[in-house]
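Peer 1: Sharing a structure, written as structure tokens. Questions coming.
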Amino acid sequence: MAAPVELRVRASGGEYPIYIGSGLLGEADYLLPHLGAQALLVADAAVADFAGAIERACSGRGQFGRLLLPSPVAKTAASLERIYTRLIEGGYSRDCTLIALGGGSAGDLVGYAAATYQRGVDFIQAPTTLLGQVDASVGGKTAIDHPLGKNLIGAFHQPRAVLIDLATLDSLPERELRAGLAEVLKYGLIADADGFFDWVQGRARDLLGRDPGALAEAVRRSCGIKAEIVQADEREQTGARALLNLGHTFGHAIEAWQGYGDWNHGEAVAAGLVMAADFSWRSGRLGLDDAVRIRGAVEALGLPSAPPAGMQPEDFLRLMGRDKKNRAGVLRLIVLNGIGRAELIADPDPDLLHQTLAAGGGLARG
Ligand code: GLY
């Protein structure tokens, strides 16, 4: 295996590596240094083959257990209890390490189990979806859902290491690949380091065609931007980290309106990015040409550039009112002052917001 790329994240509890390479999960060198005396691998059953590779790489070292969860992994109290039960029955103590293998849901769930079991144990993120690799696995946000809302129960708990095996993307369903590309594009919009937005737009066909070099570069640059933002605002206190939610206020409303069953997160965020661009243009922050370019990039990645038919402005306003970014009942929104220049604003102009919602991010279409 070629040596992986290594990025570092400086967090309050210490620094940790993000390794990015192909075939990493079968390599003891990147796993063993981060494991305690006991380790429990908790994996999405859909990636059981990769679980086998990790198990072989760790064979012969201390206690090593494996728990496969039904796919898709549910971020529920019931799933959490299964992990706790396995840990307690297996006699796992405070110096154990959990390994989260799967998409963003597996990472969030296992991370939250690690944050809370015996008041906190170590864990490793081994994300197997593009969305998990470029976003959820880095930065220590862990959570489960409550029947009344997504990600409402959670904790900040940084991993000991993030192992991104690009080989996992070979078998990723097409739709999930595109969902991850929505988050990649988002990084180009909030931090256009070295023209990343243009790069993503220009390599859209290669990314969709799973060109290994293009995907490796997309993951490396996205994780680099995420690491910088997390280092600047680990607990989302200054507003810097909130910028990662560009397009998400609209996107979360779309997901909730659909009952989390139709579009996936990345698809909803993609439409949300175009709506955020539309609002930024209407409020005089973003040029129309840039807003139209953003819509073009979303479409080039095969993602939806408008909300689902039938979703009304009132639906958006009701659901956006529940966003976790809001403070004291005041809506907060991420806007663009240019490509690569995002800003968190409070109390967006209601008339302009209504225009965006009524136009469905329509920009210059009409
Ligand atoms: N996914 C947004 C964040 O990590 O803050």
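The way I read the labels, and the way they are meant: chains A, B, ... in the order of the structure tokens, residue 1 as the first residue of every chain, and ligand 1 as the first ligand shown, with later ones counted on from there.
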Do you know which residues are within 7 Å of ligand 1 using only C-alpha atoms and all ligand atoms? Can you write them as a compact mmCIF listing (two decimals) with all heavy atoms, in the first residue's frame?
Peer 2:
```
# COMPACT_ATOMS: atom_id res chain seq x y z
N ASP A 135 -16.94 14.74 6.21
CA ASP A 135 -17.61 15.60 7.19
C ASP A 135 -17.76 14.94 8.56
O ASP A 135 -17.08 15.29 9.52
CB ASP A 135 -18.99 16.04 6.65
CG ASP A 135 -19.67 17.05 7.55
OD1 ASP A 135 -18.98 17.70 8.36
OD2 ASP A 135 -20.91 17.19 7.48
N ALA A 136 -18.65 13.92 8.64
CA ALA A 136 -19.09 13.45 9.95
C ALA A 136 -17.96 12.88 10.82
O ALA A 136 -18.00 12.98 12.05
CB ALA A 136 -20.18 12.40 9.77
N VAL A 138 -14.83 13.75 11.14
CA VAL A 138 -13.81 14.70 11.62
C VAL A 138 -14.47 15.75 12.50
O VAL A 138 -15.49 16.34 12.10
CB VAL A 138 -13.11 15.39 10.43
CG1 VAL A 138 -12.12 16.44 10.90
CG2 VAL A 138 -12.43 14.37 9.54
N GLY A 139 -13.94 15.98 13.68
CA GLY A 139 -14.41 17.12 14.47
C GLY A 139 -15.15 16.79 15.73
O GLY A 139 -15.49 17.68 16.50
N LYS A 141 -18.21 15.63 16.58
CA LYS A 141 -19.65 15.72 16.87
C LYS A 141 -20.21 14.31 16.90
O LYS A 141 -20.07 13.57 15.91
CB LYS A 141 -20.37 16.55 15.81
CG LYS A 141 -20.30 18.04 16.06
CD LYS A 141 -21.27 18.79 15.15
CE LYS A 141 -21.21 20.28 15.41
NZ LYS A 141 -22.04 21.04 14.45
N ARG A 241 -17.45 27.42 13.19
CA ARG A 241 -17.86 26.05 12.86
C ARG A 241 -19.26 26.01 12.26
O ARG A 241 -19.57 25.14 11.44
CB ARG A 241 -17.76 25.15 14.09
CG ARG A 241 -18.00 23.69 13.74
CD ARG A 241 -17.54 22.73 14.79
NE ARG A 241 -17.80 21.37 14.35
CZ ARG A 241 -17.31 20.28 14.88
NH1 ARG A 241 -16.50 20.37 15.91
NH2 ARG A 241 -17.60 19.10 14.41
N ALA A 242 -20.09 26.96 12.67
CA ALA A 242 -21.45 26.99 12.13
C ALA A 242 -21.45 27.17 10.61
O ALA A 242 -22.41 26.77 9.93
CB ALA A 242 -22.26 28.11 12.80
N LEU A 244 -19.99 25.52 8.56
CA LEU A 244 -20.08 24.19 7.94
C LEU A 244 -21.52 23.83 7.61
O LEU A 244 -21.78 22.86 6.91
CB LEU A 244 -19.48 23.13 8.86
CG LEU A 244 -17.96 23.20 9.08
CD1 LEU A 244 -17.55 22.31 10.23
CD2 LEU A 244 -17.24 22.79 7.80
N ASN A 245 -22.44 24.59 8.17
CA ASN A 245 -23.85 24.30 7.94
C ASN A 245 -24.44 25.09 6.77
O ASN A 245 -25.67 25.19 6.65
CB ASN A 245 -24.66 24.58 9.21
CG ASN A 245 -24.47 23.48 10.22
OD1 ASN A 245 -24.61 22.31 9.91
ND2 ASN A 245 -24.09 23.84 11.43
```
Peer 1: At a cut-off of 9 Å, using only C-alpha atoms, what residues contact range 122-126 of chain A? Leave out same-chain residues fewer than 3 positions from it and give the result as an MDAnalysis selection string.
Peer 2: chainID A and resid 25 31 34:36 39 94:103 107 110:111 114:115 132:133 137:138 157:165
Peer 1: Would you export the selected residues with N, CA, C and O atoms as a compact mmCIF listing (two decimals), in the first residue's frame, please?
Peer 2:
```txt
# COMPACT_ATOMS: atom_id res chain seq x y z
N LEU A 25 -7.52 0.01 5.96
CA LEU A 25 -8.19 -0.71 7.05
C LEU A 25 -7.58 -2.09 7.32
O LEU A 25 -7.83 -2.68 8.36
N LEU A 31 -3.71 1.27 12.79
CA LEU A 31 -4.75 0.97 13.78
C LEU A 31 -4.16 0.78 15.18
O LEU A 31 -4.58 1.43 16.14
N HIS A 34 -3.34 3.22 18.06
CA HIS A 34 -4.42 4.03 18.64
C HIS A 34 -5.39 3.19 19.49
O HIS A 34 -6.39 3.70 19.96
N LEU A 35 -5.08 1.91 19.65
CA LEU A 35 -6.00 1.03 20.38
C LEU A 35 -5.56 0.84 21.83
O LEU A 35 -4.36 0.75 22.11
N GLY A 36 -6.56 0.74 22.73
CA GLY A 36 -6.28 0.38 24.11
C GLY A 36 -6.14 -1.13 24.25
O GLY A 36 -6.12 -1.86 23.25
N ALA A 39 -10.54 -3.70 22.59
CA ALA A 39 -11.15 -2.91 21.49
C ALA A 39 -12.43 -3.59 21.04
O ALA A 39 -12.51 -4.83 20.95
N ARG A 94 -12.50 1.07 31.26
CA ARG A 94 -12.39 2.47 30.84
C ARG A 94 -11.27 2.74 29.84
O ARG A 94 -11.27 3.77 29.18
N ASP A 95 -10.31 1.80 29.75
CA ASP A 95 -9.22 2.03 28.79
C ASP A 95 -9.45 1.30 27.47
O ASP A 95 -8.52 1.06 26.72
N CYS A 96 -10.71 0.95 27.21
CA CYS A 96 -10.99 0.28 25.93
C CYS A 96 -11.11 1.32 24.81
O CYS A 96 -11.19 2.52 25.06
N THR A 97 -11.10 0.82 23.58
CA THR A 97 -11.27 1.69 22.41
C THR A 97 -12.39 1.13 21.55
O THR A 97 -12.42 -0.07 21.27
N LEU A 98 -13.29 1.99 21.13
CA LEU A 98 -14.31 1.58 20.16
C LEU A 98 -13.85 1.98 18.77
O LEU A 98 -13.18 3.00 18.60
N ILE A 99 -14.19 1.17 17.79
CA ILE A 99 -13.90 1.52 16.40
C ILE A 99 -15.24 1.62 15.68
O ILE A 99 -16.03 0.67 15.70
N ALA A 100 -15.50 2.77 15.07
CA ALA A 100 -16.76 2.99 14.35
C ALA A 100 -16.51 2.77 12.87
O ALA A 100 -15.76 3.52 12.25
N LEU A 101 -17.12 1.75 12.30
CA LEU A 101 -16.93 1.45 10.88
C LEU A 101 -18.28 1.55 10.16
O LEU A 101 -19.22 0.81 10.47
N GLY A 102 -18.38 2.47 9.22
CA GLY A 102 -19.62 2.63 8.48
C GLY A 102 -19.78 4.07 8.05
O GLY A 102 -18.82 4.84 8.04
N GLY A 103 -21.01 4.47 7.73
CA GLY A 103 -21.27 5.83 7.30
C GLY A 103 -21.37 6.79 8.48
O GLY A 103 -21.03 6.43 9.62
N GLY A 107 -20.76 6.39 12.70
CA GLY A 107 -19.77 7.20 13.40
C GLY A 107 -20.39 8.01 14.53
O GLY A 107 -19.85 8.09 15.63
N VAL A 110 -21.61 5.40 17.40
CA VAL A 110 -20.51 4.76 18.14
C VAL A 110 -19.71 5.83 18.88
O VAL A 110 -19.27 5.63 20.02
N GLY A 111 -19.59 6.99 18.26
CA GLY A 111 -18.90 8.10 18.93
C GLY A 111 -19.64 8.49 20.20
O GLY A 111 -19.02 8.77 21.22
N ALA A 114 -19.04 5.99 22.81
CA ALA A 114 -17.70 6.20 23.38
C ALA A 114 -17.68 7.40 24.32
O ALA A 114 -17.00 7.39 25.35
N ALA A 115 -18.44 8.43 23.98
CA ALA A 115 -18.46 9.64 24.81
C ALA A 115 -19.08 9.38 26.18
O ALA A 115 -18.78 10.08 27.15
N GLY A 132 -19.35 10.55 5.19
CA GLY A 132 -18.70 10.31 6.48
C GLY A 132 -17.24 10.73 6.44
O GLY A 132 -16.70 11.28 7.40
N GLN A 133 -16.58 10.49 5.32
CA GLN A 133 -15.15 10.78 5.21
C GLN A 133 -14.85 12.26 5.21
O GLN A 133 -13.88 12.71 5.81
N SER A 137 -16.93 12.29 10.19
CA SER A 137 -15.92 11.59 11.00
C SER A 137 -14.90 12.52 11.63
O SER A 137 -14.18 12.14 12.55
N VAL A 138 -14.83 13.75 11.14
CA VAL A 138 -13.81 14.70 11.62
C VAL A 138 -14.47 15.75 12.50
O VAL A 138 -15.49 16.34 12.10
N HIS A 157 -16.96 14.77 21.30
CA HIS A 157 -15.99 13.76 21.77
C HIS A 157 -15.08 13.46 20.59
O HIS A 157 -15.50 12.82 19.61
N GLN A 158 -13.87 13.94 20.66
CA GLN A 158 -12.96 13.79 19.51
C GLN A 158 -12.43 12.36 19.41
O GLN A 158 -12.12 11.75 20.44
N PRO A 159 -12.29 11.85 18.19
CA PRO A 159 -11.70 10.51 18.03
C PRO A 159 -10.19 10.55 18.29
O PRO A 159 -9.59 11.62 18.31
N ARG A 160 -9.61 9.37 18.47
CA ARG A 160 -8.14 9.25 18.62
C ARG A 160 -7.48 9.30 17.25
O ARG A 160 -6.33 9.68 17.12
N ALA A 161 -8.22 8.84 16.24
CA ALA A 161 -7.69 8.83 14.87
C ALA A 161 -8.86 8.67 13.91
O ALA A 161 -9.91 8.13 14.29
N VAL A 162 -8.68 9.16 12.69
CA VAL A 162 -9.67 8.94 11.63
C VAL A 162 -8.96 8.19 10.51
O VAL A 162 -7.93 8.65 10.00
N LEU A 163 -9.48 7.02 10.17
CA LEU A 163 -8.87 6.19 9.13
C LEU A 163 -9.77 6.19 7.91
O LEU A 163 -10.84 5.56 7.91
N ILE A 164 -9.37 6.89 6.88
CA ILE A 164 -10.20 7.00 5.68
C ILE A 164 -9.62 6.09 4.60
O ILE A 164 -8.59 6.40 4.00
N ASP A 165 -10.29 4.96 4.41
CA ASP A 165 -9.84 4.01 3.40
C ASP A 165 -10.64 4.29 2.11
O ASP A 165 -11.84 4.01 2.04
```
Peer 1: Which residue out of A:Arg322, A:Arg285, A:Ala276, A:Gly338 has the minimum interatomic distance to Leu353 in chain A when only C-alpha atoms are used?
Peer 2: A:Ala276
Peer 1: Please identify every residue of range 147-239 of chain A that has at least one atom no farther than 12 Å from an atom of range 324-329 of chain A, counting only C-alpha atoms, and for each give the shortest atom pair and the distance in Å to one decimal, arranged by chain then increasing number, as JSON lines.
Peer 2:
```
{"residue": "A:Gly149", "atom": "CA", "partner": "A:Lys324", "partner_atom": "CA", "distance": 10.3}
{"residue": "A:Lys150", "atom": "CA", "partner": "A:Lys324", "partner_atom": "CA", "distance": 10.0}
{"residue": "A:Asn151", "atom": "CA", "partner": "A:Lys324", "partner_atom": "CA", "distance": 9.4}
{"residue": "A:Leu152", "atom": "CA", "partner": "A:Lys324", "partner_atom": "CA", "distance": 8.6}
{"residue": "A:Ile153", "atom": "CA", "partner": "A:Lys324", "partner_atom": "CA", "distance": 11.7}
{"residue": "A:Glu236", "atom": "CA", "partner": "A:Lys325", "partner_atom": "CA", "distance": 9.5}
{"residue": "A:Gln237", "atom": "CA", "partner": "A:Lys325", "partner_atom": "CA", "distance": 10.6}
{"residue": "A:Thr238", "atom": "CA", "partner": "A:Lys325", "partner_atom": "CA", "distance": 11.9}
{"residue": "A:Gly239", "atom": "CA", "partner": "A:Lys325", "partner_atom": "CA", "distance": 9.5}
```
Peer 1: Env of Val5 in chain A: 7 Å cut, atoms = only C-alpha atoms, seq-sep filter 3 positions within chain, self excluded. Answer as JSON, numbers by chain.
Peer 2: {"A": [19, 20, 21]}
Peer 1: Store the residues picked out above in a file with N, CA, C and O atoms, as a short mmCIF file (atom, residue, chain, number, x, y, z; two decimals), in the first residue's frame.
Peer 2:
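Below is the file that was written, selection00.cif:
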```
data_model
loop_
_atom_site.label_atom_id
_atom_site.label_comp_id
_atom_site.auth_asym_id
_atom_site.auth_seq_id
_atom_site.Cartn_x
_atom_site.Cartn_y
_atom_site.Cartn_z
N TYR A 19 -5.77 9.78 8.55
CA TYR A 19 -5.02 9.08 7.50
C TYR A 19 -5.94 8.89 6.30
O TYR A 19 -7.09 8.46 6.45
N ILE A 20 -5.44 9.19 5.12
CA ILE A 20 -6.25 9.02 3.90
C ILE A 20 -5.45 8.17 2.92
O ILE A 20 -4.34 8.56 2.50
N GLY A 21 -5.96 6.99 2.58
CA GLY A 21 -5.25 6.13 1.65
C GLY A 21 -6.12 4.97 1.23
O GLY A 21 -7.24 4.80 1.73
#
```
Peer 1: For His252 in chain A, which residue among A:Gly321, A:Gly224, A:Pro4, A:Gly202 is the nearest when counting only C-alpha atoms?
Peer 2: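 Comparing A:Gly321, A:Gly224, A:Pro4, A:Gly202 against His252 in chain A, the winner is A:Gly321.
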Peer 1: From a backbone DSSP assignment, name each residue in range 37-107 of chain A labelled strand (DSSP E or B), as number ranges by chain.
Peer 2: A: 38-44, 63-69, 97-102
Peer 1: Using C-alpha atoms, can you write the selected residues to a file as a PDB file, in the first residue's frame?
Peer 2:
```pdb
ATOM      1  CA  GLN A  38      -9.470  -3.905  24.732  1.00  0.00           C
ATOM      2  CA  ALA A  39     -11.150  -2.915  21.492  1.00  0.00           C
ATOM      3  CA  LEU A  40     -14.685  -3.296  20.205  1.00  0.00           C
ATOM      4  CA  LEU A  41     -15.328  -2.824  16.513  1.00  0.00           C
ATOM      5  CA  VAL A  42     -18.912  -1.681  15.886  1.00  0.00           C
ATOM      6  CA  ALA A  43     -19.756  -1.865  12.209  1.00  0.00           C
ATOM      7  CA  ASP A  44     -22.579  -1.393   9.767  1.00  0.00           C
ATOM      8  CA  GLN A  63      -9.177  -8.436  23.592  1.00  0.00           C
ATOM      9  CA  PHE A  64     -10.873  -7.656  20.285  1.00  0.00           C
ATOM     10  CA  GLY A  65     -14.632  -7.930  19.793  1.00  0.00           C
ATOM     11  CA  ARG A  66     -16.928  -7.206  16.908  1.00  0.00           C
ATOM     12  CA  LEU A  67     -20.551  -6.094  16.828  1.00  0.00           C
ATOM     13  CA  LEU A  68     -22.356  -5.825  13.491  1.00  0.00           C
ATOM     14  CA  LEU A  69     -25.402  -3.551  13.448  1.00  0.00           C
ATOM     15  CA  THR A  97     -11.272   1.693  22.411  1.00  0.00           C
ATOM     16  CA  LEU A  98     -14.309   1.575  20.163  1.00  0.00           C
ATOM     17  CA  ILE A  99     -13.900   1.519  16.397  1.00  0.00           C
ATOM     18  CA  ALA A 100     -16.761   2.989  14.354  1.00  0.00           C
ATOM     19  CA  LEU A 101     -16.933   1.448  10.882  1.00  0.00           C
ATOM     20  CA  GLY A 102     -19.623   2.627   8.475  1.00  0.00           C
TER      21      GLY A 102
END
```
Peer 1: Which is closer to Leu7 in chain A than all the others in A:Arg175, A:Arg56, A:Arg203, A:Arg221, using only C-alpha atoms?
Peer 2: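 Using only C-alpha atoms, Leu7 in chain A sits closest to A:Arg221.
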Peer 1: Determine which residues of range 202-340 of chain A DSSP labels as helix (DSSP H, G or I) from the backbone of this structure, then write them out as an NGL selection string.
Peer 2: :A and (202 or 204-208 or 212-232 or 241-245 or 248-257 or 265-282 or 288-300 or 313-320)
Peer 1: Record the distance separating CA of Pro33 in chain A and CA of Gln118 in chain A, expressed in Å with one decimal.
Peer 2: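 Going from CA of Pro33 in chain A over to CA of Gln118 in chain A covers 22.0 Å.
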Peer 1: Can you pull out the residues contacting Leu344 in chain A? Cut-off 9 Å, using only C-alpha atoms, and skip same-chain residues under 3 positions away; I want them as an MDAnalysis selection string.
Peer 2: chainID A and resid 239:240 242:243 246 332:336
Peer 1: To one decimal place, how far is CA of His146 in chain A from CA of Ser79 in chain A in Å?
Peer 2: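 One can read the CA of His146 in chain A to CA of Ser79 in chain A distance as 12.1 Å.
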